[in-house]
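The structure appears below as structure tokens.
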Amino acid sequence: MQKEKGNSLLYCASVCLAYAFVSVAITFVNKIVLTVYRFHFEQTLILLQLLVGTLGLLILSELKMCQVPRFQLKMARQAFPLAFWFFVYVVTGLGSLRSLTVPTWSAMRRLTAIFILILDYFIDRRCGTRFHPF
């Protein structure tokens, strides 16, 4: 059943649209919570969103709508540095969302990848490989 859905153009388009909708919606919800309601606890907001997302994945997994790999301590140790720096990225992003407009915040957030590539070049003296999709 999942292979049939994965091959469907309509299914892929609906997943992309759902992701785009949720991404925009969470940005506006966060902006409202941080500015209108003057909520000053970004880490708590992130933790709640993480718990809701995890609970959603577990429910979808129990309903056999998605597959979640089993927790492995070795994998968790390997992923910890990436998870930690992503958490820092999200916290600083939410902190900046409070004082910037949504379009400015979105543009600055998208420029982060370019900044990381430039920094990586100057620190490690290496460039990324070219992407060849075909």
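We name chains A, B, ... following the order of the structure tokens; residues begin at 1 in each chain, and ligands are numbered from 1 as shown.
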Quick one: contact table of segment 74-128 of chain A to segment 39-55 of chain A, 8 Å max, nearest atom pair and distance in Å to one decimal per residue, counting only C-alpha atoms, chain and number order, as CSV?
```
residue,atom,partner,partner_atom,distance
A:Val90,CA,A:Ile46,CA,7.9
A:Val91,CA,A:Glu42,CA,6.3
A:Leu94,CA,A:Glu42,CA,6.4
A:Gly95,CA,A:Glu42,CA,6.8
```
field: Picked from segment 20-108 of chain A by DSSP as helix (DSSP H, G or I), as a PyMOL selection string
entry: chain A and resi 20-36+42-62+73-99+102-108
